[in-house]
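First comes the structure, then the notes that go with it.
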Amino acid sequence: MLSKHDLLLATIARKPTPHTPIALWRHWPAEDQVAEDLAQATLDFQRRYDFDFIKLTPSQVFVAEDAGLTGVYDGNPEGDLVKGAAPITSLEQWEALRPQTIQQGALARQLRCLDLVIAGAGETPVIQTIFNPLTVATCLAGARAIIWRRRHPEIFQRGFATIIETWRSFVEAVIASGAAGVFFSTADATYQRMSEEEYMHWGRPSDLEVLSAAQAGWFNVLHIHGEELMFKLVADYPVQVVNWDDQRSGPSLREGQALVSKAVAGGIAQWGALLQGSTDEVRAQVAAGIAQTGGVGYIAAPGCVMPIPTPERNIRAAISAARGNPL
């Protein structure tokens with residue numbers, strides 16, 4: 001039997017595998033403010049289901065928490081937080097931004113959590129979720145970041161450069177810790193957020209700068225979040241796997257796999273079959289993903305985080321379908 005490491009390597013190389021790798025992930029809004037609590041919740045989840053890799057999902061505000069961003073959990077089924085006001089409210093504050101330290105505060109807490117998860121994960125590969133610099137800018141300044149980017153691009157770039165530097169340092173530390181890679185999420189490569197010209201100027205260069213720090217990793221995943229995706233603009237990013245909500249936004253897994261020279265992850269509708277459907281519907285979605293890709297270069301996964309109330313029977317149905325086991 002292949003180890004999880006070798007199974008993923010074969011999948012990345014688009015080689016035949018004895019079964020389809022699978023992983024699901026979720027937010028932990030009650031645990032993610034304490035490194036030890038988030039690590040324990042993540043490891044308990046993994047021990048319960050034995051996924052083929054662990055995606056470590058931090059607090060939704062950790063990217064700007066040290067600048068003053070707050071979040072409160074109000075029971076949202078996805079685990080989303082109700083965020084407080086953006087902490088940066090003036091161009092002067094933006095221009096005064098300096099690279100964030102990773103030796104203390106929220107980033108140090110997350111690195112501590114990562115160390116604990118890696119230590120407890122055994123042979124299961126672990127990847128750390130990060131967000132692209134444009135998303136971090138929005139967390140820091142809200143809608144003002146978009147206005148400043150368009151009206152005062154030179155000033156915006158000065159603050160933006162410090163964000164890029166911070167996240168390059170963080171990613172370097174993630175890889176140095178022994179993580180297999182990063183789960184790099186961009187919510188900006190969509191026509192709902194900006195034009196192709198804007199993304200090529202602001203999004204792509206900053207994404208690639210941060211991702212360059214992850215190149216020693218062997219299992220980096222690009223998550224393209226949202227709908228109306230600029231899929232072709234990010235298809236050549238230096239990662240091993242591309243994940244998007246193929247069930248909701250497209251392209252299909254078959255179409256996406258034709259556009260990238262790497263593995264694809266998806267096929268499971270997290271708000272549809274996984275949360276609300278029957279076990280037969282879940283198994284059918286996994287089977288459809290395998291059929292679309294020929295079972296090669298494919299990881300069964302949701303298009304985004306799994307809703308917290310997802311029934312255990314459906315989680316286990318997805319796993320059994322991927323691994324070819326009867327219920």
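Ligands are numbered from 1 in the order shown, residues from 1 within each chain, and chains are lettered A, B, ... in the order they appear in the structure tokens.
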
* Step one, run DSSP on the backbone; step two, keep only residues of range 2-168 of chain A assigned to strand (DSSP E); then write them as an NGL selection string. => :A and (54-56 or 71-73 or 81-83 or 126-131)

With 12 Å as the cut-off and only C-alpha atoms counted, what is the closest atom pair between each nearby residue of range 224-258 of chain A and range 272-283 of chain A? Distances in Å to one decimal, ordered by chain and number, as a Markdown table.
```
| residue | atom | partner | partner_atom | distance |
| --- | --- | --- | --- | --- |
| A:Asp245 | CA | A:Gly272 | CA | 11.6 |
| A:Gln247 | CA | A:Gly272 | CA | 9.0 |
| A:Arg248 | CA | A:Gly272 | CA | 9.7 |
```

Kindly export the residues of the current selection with N, CA, C and O atoms, as a compact mmCIF listing (two decimals), in the first residue's frame.
```txt
# COMPACT_ATOMS: atom_id res chain seq x y z
N ASP A 245 -14.24 25.70 -6.74
CA ASP A 245 -15.59 25.16 -6.57
C ASP A 245 -16.16 24.83 -7.94
O ASP A 245 -16.98 25.57 -8.49
N GLN A 247 -18.29 22.69 -8.75
CA GLN A 247 -19.72 22.40 -8.74
C GLN A 247 -20.56 23.67 -8.82
O GLN A 247 -21.71 23.62 -9.24
N ARG A 248 -19.97 24.80 -8.44
CA ARG A 248 -20.73 26.04 -8.38
C ARG A 248 -20.31 27.06 -9.44
O ARG A 248 -21.15 27.74 -10.02
```

* To do: Taking the chain letters and numbering used in this document, name the residues of range 138-276 of chain A that DSSP puts in alpha helix (DSSP H), as a count of residues only.
  => 63

* Pick out the residues sitting within 9 Å of range 218-230 of chain A, and hand them over as a PyMOL selection string; count only C-alpha atoms, and ignore anything fewer than 2 positions along from it in its own chain. => chain A and resi 8-9+12+125-127+179-192+196+199+211+214-216+232-235+237-245+248-251+265+303-304

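In this comparison, which uses only C-alpha atoms, the residue of A:Val63, A:Leu69, A:Ile118, A:Ala96 approaching Ile130 in chain A most closely is A:Val63.
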
I'd like the neighbourhood of Thr20 in chain A as a PDB file with C-alpha atoms, in the first residue's frame, where a residue qualifies if any of its atoms comes within 8 Å (using only C-alpha atoms), though same-chain residues fewer than 4 positions away should be ignored.
```pdb
ATOM      1  CA  ILE A 290     -13.066  10.193 -10.908  1.00  0.00           C
ATOM      2  CA  GLY A 295      -9.004   8.834 -11.841  1.00  0.00           C
ATOM      3  CA  TYR A 298      -7.432  13.968  -9.091  1.00  0.00           C
ATOM      4  CA  ILE A 299      -8.016  14.598  -5.372  1.00  0.00           C
ATOM      5  CA  ALA A 300     -11.587  14.319  -4.095  1.00  0.00           C
ATOM      6  CA  ALA A 322     -12.709   7.715  -3.041  1.00  0.00           C
ATOM      7  CA  ARG A 323     -11.053   4.621  -1.640  1.00  0.00           C
TER       8      ARG A 323
END
```

Just want the 10 Å neighbourhood of Thr101 in chain A, counted on only C-alpha atoms, with same-chain residues fewer than 4 positions away dropped. Output as a PDB file with N, CA, C and O atoms, in the first residue's frame.
```
ATOM      1  N   ASP A  66      -2.981  41.347  14.463  1.00  0.00           N
ATOM      2  CA  ASP A  66      -2.001  42.147  15.192  1.00  0.00           C
ATOM      3  C   ASP A  66      -2.132  43.637  14.892  1.00  0.00           C
ATOM      4  O   ASP A  66      -1.624  44.471  15.642  1.00  0.00           O
ATOM      5  N   GLY A 105       2.871  37.433  18.378  1.00  0.00           N
ATOM      6  CA  GLY A 105       1.544  37.755  17.894  1.00  0.00           C
ATOM      7  C   GLY A 105       0.879  36.607  17.159  1.00  0.00           C
ATOM      8  O   GLY A 105       1.209  35.428  17.337  1.00  0.00           O
ATOM      9  N   ALA A 106      -0.090  36.966  16.307  1.00  0.00           N
ATOM     10  CA  ALA A 106      -0.933  35.966  15.652  1.00  0.00           C
ATOM     11  C   ALA A 106      -0.146  35.050  14.726  1.00  0.00           C
ATOM     12  O   ALA A 106      -0.458  33.850  14.623  1.00  0.00           O
ATOM     13  N   LEU A 107       0.849  35.580  14.029  1.00  0.00           N
ATOM     14  CA  LEU A 107       1.602  34.734  13.103  1.00  0.00           C
ATOM     15  C   LEU A 107       2.470  33.735  13.860  1.00  0.00           C
ATOM     16  O   LEU A 107       2.585  32.564  13.458  1.00  0.00           O
ATOM     17  N   ALA A 108       3.069  34.174  14.955  1.00  0.00           N
ATOM     18  CA  ALA A 108       3.842  33.248  15.781  1.00  0.00           C
ATOM     19  C   ALA A 108       2.927  32.169  16.369  1.00  0.00           C
ATOM     20  O   ALA A 108       3.309  30.991  16.460  1.00  0.00           O
ATOM     21  N   THR A 166       5.979  40.481   4.515  1.00  0.00           N
ATOM     22  CA  THR A 166       5.516  39.726   5.688  1.00  0.00           C
ATOM     23  C   THR A 166       5.161  38.301   5.313  1.00  0.00           C
ATOM     24  O   THR A 166       5.584  37.330   5.973  1.00  0.00           O
ATOM     25  N   TRP A 167       4.399  38.141   4.238  1.00  0.00           N
ATOM     26  CA  TRP A 167       3.906  36.812   3.904  1.00  0.00           C
ATOM     27  C   TRP A 167       4.953  35.945   3.233  1.00  0.00           C
ATOM     28  O   TRP A 167       4.895  34.710   3.335  1.00  0.00           O
ATOM     29  N   SER A 169       8.016  35.981   4.372  1.00  0.00           N
ATOM     30  CA  SER A 169       8.695  35.493   5.577  1.00  0.00           C
ATOM     31  C   SER A 169       7.886  34.400   6.262  1.00  0.00           C
ATOM     32  O   SER A 169       8.444  33.401   6.730  1.00  0.00           O
ATOM     33  N   PHE A 170       6.568  34.597   6.325  1.00  0.00           N
ATOM     34  CA  PHE A 170       5.726  33.597   6.959  1.00  0.00           C
ATOM     35  C   PHE A 170       5.779  32.275   6.192  1.00  0.00           C
ATOM     36  O   PHE A 170       5.914  31.202   6.794  1.00  0.00           O
TER      37      PHE A 170
END
```

* To do: Considering only C-alpha atoms, return as a ChimeraX atom specification whatever protein or nucleic-acid residues lie within 9 Å of range 132-149 of chain A, sequence-local ones (same chain, fewer than 3 positions apart) excluded.
  => /A:61,63-65,67-69,85-91,94,152-157,159-160,163-164,167,184-188,202-203,206-207,210

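The gap separating CA of Ala23 in chain A from CA of Ala291 in chain A is 18.2 Å, in Å to one decimal.
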
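Using only C-alpha atoms for every distance, the candidate list A:Gly178, A:Gly294, A:Pro77, A:Gly122 yields A:Gly122 as the residue closest to Leu43 in chain A.
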
* Asked: Hey, can you check how far CA of Glu255 in chain A sits from CA of Val296 in chain A?
  ->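 So the two atoms, CA of Glu255 in chain A and CA of Val296 in chain A, lie 14.1 Å apart.
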
* **Spatial neighbours of Tyr49 in chain A, max dist 9 Å, only C-alpha atoms, sep filter under 2 positions, as number ranges by chain** => A: 44-47, 51, 315-316, 319

* Asked: Which residue, A:Leu81, A:Val34, A:Val286, A:Leu24, has the smallest gap to Gly324 in chain A when you use only C-alpha atoms?
  ->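 Closest candidate: A:Val286.
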
* **For Thr129 in chain A, the nearest of the candidates A:Ala318, A:Ala39, A:Leu56, A:Val72, counting only C-alpha atoms** =>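 Smallest distance to Thr129 in chain A is found for A:Leu56.
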
* Asked: Looking at only C-alpha atoms, which of A:Val260, A:Leu38, A:Met306, A:Ala317 is the one that sits closest to Ala284 in chain A?
  ->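 Among A:Val260, A:Leu38, A:Met306, A:Ala317, it is A:Ala317 that comes nearest to Ala284 in chain A.
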
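Nearest residue to Ala301 in chain A among A:Phe53, A:Phe231, A:Phe62, A:Trp28 is A:Phe53, counting only C-alpha atoms.
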